[in-house]
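So this block is target10.cif, mmCIF, C-alpha atoms:
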data_data
#
loop_
_atom_site.label_atom_id
_atom_site.label_comp_id
_atom_site.auth_asym_id
_atom_site.auth_seq_id
_atom_site.Cartn_x
_atom_site.Cartn_y
_atom_site.Cartn_z
CA MET A 1 70.62 -21.92 103.48
CA ALA A 2 73.39 -24.52 103.26
CA GLY A 3 73.31 -24.95 107.01
CA ALA A 4 69.53 -25.06 107.39
CA PRO A 5 68.37 -27.36 110.23
CA GLY A 6 66.18 -30.37 109.76
CA VAL A 7 67.97 -31.75 106.72
CA SER A 8 67.54 -35.50 106.88
CA VAL A 9 70.07 -36.83 104.36
CA PRO A 10 73.39 -35.49 103.03
CA PHE A 11 72.02 -34.96 99.52
CA ASP A 12 69.78 -32.19 100.88
CA ASN A 13 72.62 -29.91 101.93
CA GLY A 14 74.06 -30.19 98.44
CA PHE A 15 70.80 -28.98 96.88
CA LEU A 16 70.50 -26.16 99.41
CA ALA A 17 74.06 -25.05 98.65
CA TYR A 18 73.36 -25.35 94.91
CA GLY A 19 70.31 -23.10 95.21
CA ALA A 20 72.30 -20.53 97.23
CA ALA A 21 75.03 -20.54 94.56
CA HIS A 22 72.50 -20.05 91.75
CA PRO A 23 69.96 -17.53 93.10
CA GLY A 24 68.20 -17.20 89.75
CA THR A 25 67.39 -20.92 89.60
CA GLN A 26 63.94 -22.09 90.69
CA MET A 27 64.69 -25.03 92.99
CA ALA A 28 61.14 -26.37 93.31
CA ILE A 29 59.65 -29.59 92.01
CA GLY A 30 56.00 -30.56 92.20
CA VAL A 31 52.83 -31.67 90.48
CA ALA A 32 49.55 -30.08 89.46
CA ALA A 33 46.46 -32.22 89.98
CA LEU A 34 43.79 -31.25 87.46
CA CYS A 35 40.34 -31.63 89.02
CA ALA A 36 36.68 -31.56 88.04
CA GLY A 37 34.03 -30.07 90.32
CA ASP A 38 33.29 -26.92 92.26
CA VAL A 39 36.32 -25.05 93.61
CA PRO A 40 37.13 -26.17 97.19
CA SER A 41 37.46 -23.70 100.00
CA ARG A 42 40.71 -22.93 101.81
CA ALA A 43 39.25 -24.68 104.85
CA GLU A 44 38.75 -27.89 102.88
CA LEU A 45 42.30 -27.78 101.55
CA GLY A 46 43.60 -27.01 105.03
CA LEU A 47 42.04 -30.21 106.32
CA LEU A 48 43.81 -32.18 103.57
CA LEU A 49 47.14 -30.61 104.49
CA GLU A 50 46.57 -31.45 108.15
CA ALA A 51 45.90 -35.07 107.19
CA ALA A 52 49.17 -35.20 105.25
CA ALA A 53 51.09 -33.58 108.12
CA SER A 54 49.72 -36.10 110.59
CA ALA A 55 51.06 -38.92 108.39
CA CYS A 56 54.33 -37.08 107.65
CA PRO A 57 55.14 -34.97 110.75
CA GLU A 58 58.26 -33.49 109.15
CA LEU A 59 55.97 -31.37 106.97
CA ALA A 60 55.30 -29.24 110.05
CA GLY A 61 58.94 -28.23 110.33
CA PRO A 62 62.47 -29.41 111.14
CA GLY A 63 62.42 -32.56 113.20
CA GLY A 64 58.65 -32.87 112.93
CA GLY A 65 58.06 -31.31 116.34
CA ALA A 66 56.62 -27.97 115.25
CA VAL A 67 52.93 -27.10 115.34
CA PHE A 68 51.53 -27.42 111.82
CA ARG A 69 49.79 -24.30 110.52
CA PRO A 70 48.11 -24.97 107.16
CA GLY A 71 47.69 -21.27 106.41
CA ARG A 72 51.43 -20.83 105.98
CA HIS A 73 51.36 -23.33 103.10
CA LEU A 74 48.16 -22.36 101.25
CA PHE A 75 48.06 -19.96 98.30
CA GLU A 76 45.65 -19.09 95.51
CA SER A 77 46.13 -18.20 91.84
CA ARG A 78 43.26 -17.06 89.65
CA ALA A 79 43.40 -17.53 85.88
CA PRO A 80 41.53 -15.11 83.60
CA GLU A 81 37.84 -16.01 83.62
CA GLY A 82 36.97 -18.47 80.87
CA SER A 83 40.53 -18.59 79.50
CA GLY A 84 40.37 -22.38 79.11
CA THR A 85 43.37 -24.69 78.75
CA ALA A 86 45.66 -21.87 77.64
CA GLY A 87 44.73 -19.88 80.74
CA LEU A 88 45.25 -22.89 82.96
CA TYR A 89 48.76 -23.54 81.65
CA ALA A 90 49.64 -19.83 81.88
CA ALA A 91 48.53 -19.88 85.51
CA LEU A 92 50.54 -23.06 86.18
CA ASP A 93 53.59 -21.41 84.62
CA ALA A 94 53.09 -18.39 86.85
CA VAL A 95 52.92 -20.61 89.93
CA ALA A 96 56.01 -22.57 88.82
CA ASN A 97 57.96 -19.29 88.71
CA GLU A 98 56.81 -18.03 92.11
CA PRO A 99 59.38 -18.09 94.93
CA LEU A 100 58.78 -20.80 97.48
CA PRO A 101 57.52 -19.64 100.87
CA GLY A 102 59.93 -19.60 103.79
CA VAL A 103 58.49 -22.94 104.95
CA MET A 104 59.99 -24.51 101.79
CA TRP A 105 56.78 -25.99 100.38
CA GLY A 106 53.24 -24.99 99.56
CA VAL A 107 49.92 -25.83 97.90
CA TRP A 108 48.41 -23.50 95.30
CA LEU A 109 44.73 -23.53 94.28
CA VAL A 110 44.43 -22.51 90.61
CA HIS A 111 40.96 -21.74 89.22
CA GLY A 112 38.90 -19.43 87.02
CA HIS A 113 39.95 -20.83 83.63
CA ALA A 114 36.80 -22.96 83.13
CA PRO A 115 33.57 -23.65 85.05
CA GLY A 116 33.72 -26.81 87.12
CA GLU A 117 37.50 -27.15 86.78
CA PHE A 118 40.44 -26.28 89.01
CA ALA A 119 43.98 -27.43 89.78
CA VAL A 120 45.77 -28.08 93.05
CA VAL A 121 49.54 -27.63 92.84
CA LEU A 122 51.95 -29.14 95.36
CA ARG A 123 55.48 -27.64 95.19
CA GLY A 124 58.50 -27.99 97.43
CA HIS A 125 62.23 -27.31 97.47
CA HIS A 126 64.22 -30.09 95.80
CA ALA A 127 66.35 -30.35 98.93
CA HIS A 128 63.35 -31.74 100.78
CA PHE A 129 61.32 -33.45 98.06
CA ASP A 130 62.04 -35.93 95.32
CA GLY A 131 59.56 -37.16 92.72
CA LEU A 132 58.53 -40.29 94.59
CA LEU A 133 57.89 -38.36 97.79
CA ILE A 134 55.73 -35.86 95.88
CA ALA A 135 53.64 -38.78 94.56
CA GLN A 136 53.35 -40.25 98.07
CA LEU A 137 52.30 -36.93 99.59
CA CYS A 138 49.59 -36.49 96.96
CA GLU A 139 48.12 -39.80 98.10
CA LEU A 140 48.47 -38.91 101.78
CA MET A 141 46.61 -35.65 101.26
CA VAL A 142 43.55 -37.46 99.94
CA GLY A 143 43.66 -40.20 102.57
CA ALA A 144 45.07 -42.93 100.32
CA HIS A 145 47.87 -45.27 101.33
CA PRO A 146 50.99 -44.70 99.18
CA ALA A 147 52.46 -47.61 97.27
CA ALA A 148 55.24 -49.45 99.06
CA VAL A 149 58.82 -48.48 98.29
CA ARG A 150 60.60 -51.16 96.28
CA PRO A 151 62.86 -53.38 98.41
CA ALA A 152 66.52 -52.44 98.24
CA PRO A 153 69.49 -53.00 100.51
CA THR A 154 70.12 -50.32 103.08
CA ALA A 155 73.00 -48.06 102.15
CA PRO A 156 76.14 -48.47 104.30
CA PRO A 157 76.43 -45.94 107.15
CA ARG A 158 79.82 -44.82 105.84
CA PRO A 159 80.90 -44.62 102.20
CA ARG A 160 83.14 -47.50 101.25
CA PRO A 161 86.39 -46.48 99.49
CA GLY A 162 85.78 -48.81 96.54
CA ALA A 163 82.33 -47.37 95.92
CA VAL A 164 83.67 -43.81 96.09
CA VAL A 165 86.41 -44.67 93.57
CA ARG A 166 83.80 -46.11 91.19
CA ASP A 167 81.72 -42.94 91.46
CA VAL A 168 84.77 -40.74 90.84
CA ALA A 169 85.65 -42.81 87.76
CA ALA A 170 82.10 -42.41 86.46
CA VAL A 171 82.33 -38.63 86.90
CA LEU A 172 85.62 -38.48 85.01
CA ARG A 173 84.27 -40.64 82.19
CA GLY A 174 81.37 -38.25 81.81
CA LEU A 175 83.49 -35.11 81.45
CA ARG A 176 83.07 -34.78 77.72
CA ASP A 177 81.08 -32.45 75.52
CA THR A 178 77.46 -33.27 74.79
CA ALA A 179 75.02 -32.07 72.17
CA ARG A 180 72.41 -29.57 73.30
CA PRO A 181 68.79 -30.17 72.30
CA VAL A 182 68.19 -26.48 71.56
CA ALA A 183 70.02 -23.83 69.60
CA ALA A 184 73.31 -22.99 71.30
CA ALA A 185 72.91 -19.29 70.50
CA GLY A 186 71.19 -16.99 72.95
CA THR A 187 70.93 -17.02 76.71
CA THR A 188 68.47 -18.51 79.14
CA GLU A 189 65.79 -16.17 80.47
CA GLY A 190 65.63 -17.64 83.96
CA ARG A 191 61.91 -18.44 83.87
CA VAL A 192 60.21 -21.71 83.00
CA ARG A 193 57.11 -22.91 81.20
CA GLN A 194 55.42 -26.31 80.92
CA VAL A 195 54.07 -28.34 78.01
CA CYS A 196 52.46 -31.75 78.41
CA ALA A 197 51.01 -34.68 76.46
CA ALA A 198 49.27 -37.87 77.56
CA THR A 199 48.75 -41.36 76.21
CA GLY A 200 47.51 -44.73 77.41
CA LEU A 201 49.86 -46.49 79.80
CA GLU A 202 48.70 -49.94 78.75
CA GLY A 203 49.74 -49.29 75.17
CA MET A 204 53.25 -48.37 76.33
CA ARG A 205 53.36 -51.51 78.46
CA ARG A 206 52.50 -53.63 75.43
CA VAL A 207 55.31 -52.04 73.44
CA ALA A 208 57.73 -52.65 76.32
CA ALA A 209 56.64 -56.29 76.63
CA ALA A 210 57.01 -56.87 72.89
CA HIS A 211 60.64 -55.72 72.93
CA GLY A 212 61.86 -56.76 76.37
CA GLY A 213 62.05 -53.29 77.88
CA THR A 214 60.24 -51.15 80.43
CA VAL A 215 57.73 -48.33 80.09
CA ASN A 216 60.52 -45.86 80.83
CA ASP A 217 62.63 -47.43 78.04
CA VAL A 218 59.74 -46.84 75.64
CA HIS A 219 59.52 -43.23 76.82
CA LEU A 220 63.26 -42.61 76.40
CA ALA A 221 63.33 -44.24 72.97
CA ALA A 222 60.39 -42.06 71.92
CA LEU A 223 62.16 -39.03 73.41
CA ALA A 224 65.25 -39.75 71.31
CA GLY A 225 63.11 -39.87 68.16
CA ALA A 226 61.16 -36.78 69.20
CA LEU A 227 64.30 -34.74 69.78
CA ALA A 228 65.62 -35.79 66.37
CA ALA A 229 62.35 -34.74 64.68
CA TRP A 230 61.96 -31.53 66.66
CA GLU A 231 63.54 -28.55 64.95
CA THR A 232 64.35 -25.44 66.92
CA GLY A 233 66.90 -23.15 65.31
CA PRO A 234 69.97 -24.88 63.81
CA ARG A 235 69.88 -28.62 63.17
CA TRP A 236 71.33 -29.36 66.57
CA HIS A 237 70.82 -33.11 66.17
CA GLY A 238 73.40 -33.11 63.35
CA ASP A 239 75.97 -32.42 66.08
CA PRO A 240 78.45 -35.33 66.27
CA ARG A 241 78.53 -35.09 70.06
CA PRO A 242 76.23 -37.48 72.00
CA VAL A 243 72.89 -36.46 73.46
CA ARG A 244 73.30 -37.50 77.10
CA ALA A 245 70.31 -37.65 79.43
CA LYS A 246 70.82 -37.47 83.16
CA VAL A 247 68.50 -40.10 84.64
CA PRO A 248 67.73 -39.70 88.37
CA LEU A 249 67.80 -42.99 90.31
CA GLY A 250 65.42 -43.29 93.25
CA LEU A 251 67.26 -44.46 96.37
CA ARG A 252 64.32 -44.53 98.79
CA ARG A 253 64.43 -47.69 100.85
CA PRO A 254 62.07 -49.26 103.38
CA GLY A 255 61.92 -47.00 106.40
CA THR A 256 62.45 -43.80 104.39
CA ALA A 257 58.99 -43.56 102.85
CA GLU A 258 57.13 -40.37 103.79
CA ARG A 259 60.35 -38.80 105.12
CA LEU A 260 61.54 -35.47 103.79
CA GLY A 261 64.78 -35.45 101.86
CA THR A 262 66.05 -36.01 98.34
CA ARG A 263 66.99 -39.66 98.12
CA ILE A 264 68.21 -39.87 94.57
CA GLY A 265 71.38 -40.71 92.71
CA ALA A 266 71.97 -40.22 89.01
CA GLY A 267 73.09 -42.12 85.96
CA TRP A 268 73.68 -41.02 82.37
CA LEU A 269 72.26 -42.55 79.25
CA THR A 270 73.06 -41.69 75.63
CA LEU A 271 69.87 -41.06 73.68
CA PRO A 272 70.18 -42.62 70.19
CA CYS A 273 68.83 -39.58 68.34
CA ASP A 274 70.94 -40.55 65.32
CA THR A 275 69.11 -43.91 64.90
CA ALA A 276 66.19 -43.83 62.48
CA ASP A 277 64.66 -47.23 63.32
CA PRO A 278 62.36 -46.85 66.37
CA VAL A 279 62.83 -50.49 67.43
CA GLU A 280 66.62 -50.21 67.28
CA ARG A 281 66.40 -47.05 69.36
CA LEU A 282 64.36 -48.95 71.94
CA ARG A 283 66.86 -51.80 72.01
CA ARG A 284 69.77 -49.46 72.54
CA VAL A 285 67.98 -47.56 75.29
CA ALA A 286 66.90 -50.79 77.04
CA ALA A 287 70.48 -52.09 77.08
CA ASP A 288 71.81 -48.88 78.64
CA SER A 289 68.97 -48.43 81.11
CA GLY A 290 69.33 -52.02 82.32
CA ARG A 291 72.82 -51.11 83.46
CA LEU A 292 71.47 -48.09 85.33
CA ARG A 293 68.67 -50.07 87.00
CA ALA A 294 71.24 -52.55 88.31
CA ARG A 295 72.71 -49.72 90.37
CA LEU A 296 69.51 -49.53 92.44
CA THR A 297 70.44 -52.79 94.16
CA ASP A 298 74.04 -51.70 94.82
CA PRO A 299 74.50 -50.39 98.39
CA GLY A 300 77.44 -48.33 97.15
CA THR A 301 75.31 -46.19 94.84
CA GLY A 302 75.62 -42.54 95.87
CA ALA A 303 78.76 -43.18 97.95
CA LEU A 304 80.63 -40.22 96.48
CA MET A 305 77.83 -37.78 97.32
CA ARG A 306 77.67 -39.08 100.90
CA ALA A 307 81.44 -38.71 101.30
CA LEU A 308 81.56 -35.03 100.33
CA SER A 309 80.99 -31.87 102.31
CA PRO A 310 77.95 -29.72 101.41
CA ARG A 311 80.17 -27.34 99.42
CA MET A 312 81.77 -30.19 97.49
CA ARG A 313 78.35 -31.75 96.88
CA ARG A 314 77.23 -28.46 95.39
CA LEU A 315 80.28 -28.42 93.11
CA LEU A 316 79.50 -31.98 92.03
CA LEU A 317 75.89 -30.97 91.27
CA ASP A 318 77.32 -28.11 89.19
CA ALA A 319 79.43 -30.58 87.23
CA ASP A 320 76.61 -33.11 86.89
CA ASN A 321 74.13 -30.55 85.55
CA HIS A 322 76.48 -28.53 83.35
CA PRO A 323 75.32 -28.49 79.71
CA ARG A 324 78.74 -29.77 78.61
CA ARG A 325 78.08 -33.00 80.51
CA THR A 326 74.28 -33.28 80.46
CA SER A 327 72.08 -32.44 77.48
CA LEU A 328 68.88 -32.68 79.53
CA VAL A 329 67.39 -34.42 82.57
CA ALA A 330 64.89 -37.24 81.98
CA THR A 331 62.90 -38.28 85.05
CA HIS A 332 60.43 -41.14 85.55
CA VAL A 333 57.91 -40.89 88.42
CA PRO A 334 55.39 -43.74 88.81
CA GLY A 335 52.29 -42.25 90.38
CA PRO A 336 49.06 -43.63 91.88
CA ALA A 337 47.60 -46.50 89.88
CA ARG A 338 44.00 -45.77 90.84
CA PRO A 339 42.01 -42.53 90.44
CA LEU A 340 42.15 -40.08 93.34
CA SER A 341 39.89 -37.27 94.46
CA VAL A 342 40.54 -33.94 96.19
CA ALA A 343 37.88 -33.14 98.78
CA GLY A 344 35.43 -35.27 96.84
CA ARG A 345 36.35 -33.85 93.41
CA ASP A 346 37.85 -36.20 90.84
CA VAL A 347 41.48 -35.79 89.79
CA THR A 348 41.25 -36.06 85.99
CA GLY A 349 44.92 -35.60 85.12
CA ILE A 350 48.30 -34.35 86.27
CA VAL A 351 51.06 -31.99 85.10
CA PRO A 352 54.50 -32.71 86.62
CA LEU A 353 56.60 -29.61 87.41
CA MET A 354 60.33 -30.28 87.26
CA PHE A 355 63.49 -28.65 88.54
CA LEU A 356 65.50 -26.97 85.75
CA ALA A 357 69.18 -26.72 86.64
CA SER A 358 71.16 -23.55 86.07
CA GLY A 359 72.22 -23.27 82.42
CA GLN A 360 69.91 -26.08 81.30
CA ARG A 361 67.09 -25.46 78.84
CA LEU A 362 65.02 -28.65 79.03
CA SER A 363 63.93 -31.14 81.66
CA VAL A 364 61.46 -33.92 80.83
CA CYS A 365 59.40 -36.25 82.97
CA LEU A 366 57.32 -39.35 82.37
CA ALA A 367 54.76 -39.59 85.16
CA THR A 368 51.95 -42.11 85.40
CA TYR A 369 48.54 -41.79 87.02
CA ALA A 370 45.46 -44.02 86.86
CA GLY A 371 46.34 -45.80 83.63
CA THR A 372 47.67 -42.76 81.77
CA ALA A 373 51.26 -41.79 80.98
CA TYR A 374 52.03 -38.06 81.06
CA PHE A 375 54.97 -36.64 79.12
CA SER A 376 55.81 -33.26 80.62
CA VAL A 377 58.51 -30.79 79.65
CA THR A 378 59.79 -27.95 81.81
CA ALA A 379 61.81 -25.54 79.67
CA ASP A 380 63.36 -22.13 79.85
CA THR A 381 61.05 -19.55 78.29
CA GLY A 382 63.83 -18.72 75.82
CA VAL A 383 63.37 -22.08 74.06
CA ALA A 384 61.62 -21.62 70.72
CA GLY A 385 59.20 -24.12 69.23
CA LEU A 386 58.55 -25.88 72.53
CA ASP A 387 54.88 -26.54 71.76
CA ARG A 388 55.90 -28.94 68.97
CA LEU A 389 57.92 -31.28 71.19
CA PRO A 390 54.99 -33.13 72.88
CA GLY A 391 53.47 -33.85 69.47
CA CYS A 392 56.81 -35.26 68.27
CA TRP A 393 56.90 -37.56 71.32
CA LEU A 394 53.34 -38.75 70.73
CA ALA A 395 54.17 -39.50 67.10
CA GLU A 396 57.14 -41.63 68.18
CA ILE A 397 54.98 -43.52 70.68
CA GLY A 398 52.58 -44.18 67.81
CA ARG A 399 55.41 -45.48 65.60
CA LEU A 400 56.56 -47.88 68.30
CA ALA A 401 53.00 -49.07 68.88
CA ALA A 402 52.51 -49.65 65.15
CA VAL A 403 55.68 -51.71 64.69
CA SER A 404 54.80 -53.69 67.83
CA GLY A 405 51.56 -54.80 66.18
CA ARG A 406 49.25 -53.83 69.03
CA PRO A 407 48.70 -50.08 69.13
CA GLY A 408 47.34 -48.69 72.36
CA ARG A 409 44.75 -46.06 73.06
CA THR A 410 44.73 -43.00 70.83
CA PRO A 411 47.19 -40.54 72.37
CA ARG A 412 46.21 -36.99 73.18
CA GLN A 413 48.15 -33.81 73.68
CA GLY A 414 47.51 -31.83 76.85
#
How does the structure come out when it is put into structure tokens?
Amino acid sequence: MAGAPGVSVPFDNGFLAYGAAHPGTQMAIGVAALCAGDVPSRAELGLLLEAAASACPELAGPGGGAVFRPGRHLFESRAPEGSGTAGLYAALDAVANEPLPGVMWGVWLVHGHAPGEFAVVLRGHHAHFDGLLIAQLCELMVGAHPAAVRPAPTAPPRPRPGAVVRDVAAVLRGLRDTARPVAAAGTTEGRVRQVCAATGLEGMRRVAAAHGGTVNDVHLAALAGALAAWETGPRWHGDPRPVRAKVPLGLRRPGTAERLGTRIGAGWLTLPCDTADPVERLRRVAADSGRLRARLTDPGTGALMRALSPRMRRLLLDADNHPRRTSLVATHVPGPARPLSVAGRDVTGIVPLMFLASGQRLSVCLATYAGTAYFSVTADTGVAGLDRLPGCWLAEIGRLAAVSGRPGRTPRQG
């Protein structure tokens, strides 16, 4: 797989090599759109896929010159009749653990759990898709125009030595033990499951405005408090080592929208799980994340990855994602601001599906859609007590809203 054709940026070959080196790791990322209405036919979904492929020709195959055949990308998963939310999430977990088709991406129709409800799941190999591209493709499939990519300077065609040296120094600084947000005992089971919660985006924006941060800062501060409150096995958060979150940095620039490829870098942020005051946690997170955001305007960001061979990029991904360097991955994916529909059926919510690196036990994502913020966790099935974590996060969001003086909408757990 490391030499697969059609790879559009160097980062892709690294992810392909990483997947080949860790055959038990599910390399897909994606999103489930939860919908209300009668279940669409395969023909209806096929038309949506054709619309997306016409806007993004690379979806048809390497180079974008192949004939697009929707049937190769369409699948169906039926939940037990009348099984409700539990059945829906069980079906989503089953889809998340399915191998990707040979064409590297697919759309799954999930239904049967409740009358008048269904889900459409878009999944693709992380070598070809990043979170922002997934959000853009969802809009393309329903005929909407994706939001513009934020302006940023074009990366230099060749890595500059100074930028490479800075990246190497950052790697070396990060080679220290980190705390693990689950019990260290036991082994991973190699399968994943999802849990999710949702709250009002406007309420999080008010908290961010009150304290000079961003919505993602609010999320990460709440995550730090949630991890400290969440108990699973030994009191891991009493560990003196830092809880370090790997924070993907989107590097899509004008001209790369709707193009396949993983255009991301990464930064690391220490989550202040040992700080009891929610406002102080937010201040600490905002200070660290401001430094990471500044890297988005630096053309040298990602220089080390571009300078390495696919094999060396895979080794760097191994080092980046090793539990001794990274406690967990924390992703932020801004999604469509307005409600969407799938073949005329309303999209009522979303469930992000994240990549879980080999040896890792947790990956979290804050995704936004139509005025709602979704906190989603992808975890190894060996993690105990996972269902409590979304509630801990919601409680921390509530604490921040309360001390900010203007609480938002009542949060809900999904």
Practice item. Can you turn the PyMOL selection byres ((chain A and resi 401) around 12) into a concrete residue list for this file, as a ChimeraX atom specification? Key: /A:199-211,218-219,222,278-279,282,394-400,402-411
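Non-sequential neighbours of A:Ala226 (distance at most 7 Å, separation of 2 or more positions within a chain, all atoms listed in the file) are A:Ala222, A:Leu223, A:Ala224, A:Ala228, A:Ala229, A:Trp230, A:Leu389, A:Cys392, A:Trp393, A:Glu396.
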Give me a file of those residues, with C-alpha atoms, as a compact mmCIF listing (two decimals), in the frame of the given file.
# COMPACT_ATOMS: atom_id res chain seq x y z
CA ALA A 222 60.39 -42.06 71.92
CA LEU A 223 62.16 -39.03 73.41
CA ALA A 224 65.25 -39.75 71.31
CA ALA A 228 65.62 -35.79 66.37
CA ALA A 229 62.35 -34.74 64.68
CA TRP A 230 61.96 -31.53 66.66
CA LEU A 389 57.92 -31.28 71.19
CA CYS A 392 56.81 -35.26 68.27
CA TRP A 393 56.90 -37.56 71.32
CA GLU A 396 57.14 -41.63 68.18
The PyMOL selection byres ((chain A and resi 33) around 6) - which residues does that actually catch in the file I just gave you? List them as a PyMOL selection string.
chain A and resi 32+34+119-120+350
- What do you get, as a PyMOL selection string, if you spell out every residue that the PyMOL selection byres ((chain A and resi 360) around 9) selects here? chain A and resi 188+321-323+326-329+356-359+361-363+379-380
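Going from atom CA of A:Leu100 over to atom CA of A:Val31, you cover 14.2 Å.
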(Q) What's around stretch 24-28 of chain A at 7 Å? Count only C-alpha atoms, leave out sequence neighbours fewer than 6 positions away in its own chain, and write the answer as a ChimeraX atom specification. (A) /A:97,123-126,190,355,357-358
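Distance check against A:Thr85 using only C-alpha atoms: of A:His111, A:Arg388, A:His73, A:Arg291, the minimum falls on A:His111.
Of the residues listed (A:Ala198, A:Leu315, A:Val192, A:Ala127), A:Val192 shows the shortest atom-to-atom separation from A:Ala94; distances use only C-alpha atoms.
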Calculate, to one decimal in Å, the centre and edge lengths of the box along x, y and z of the file that holds all listed atoms of stretch 355-372 of chain A with 8 Å of margin on each side, and present them as AutoDock Vina command-line options.
--center_x 58.8 --center_y -34.5 --center_z 83.7 --size_x 42.8 --size_y 38.5 --size_z 25.7
All residues 12 Å or closer to A:Val103, only C-alpha atoms, same chain fewer than 3 positions away omitted, as a list in words:
Ala4, Gly6, Glu58, Leu59, Ala60, Gly61, Pro62, Ala66, Phe68, Arg69, Pro70, Gly71, Arg72, His73, Leu74, Pro99, Leu100, Gly106, Val107, Arg123, Gly124, His125 and His128 of chain A
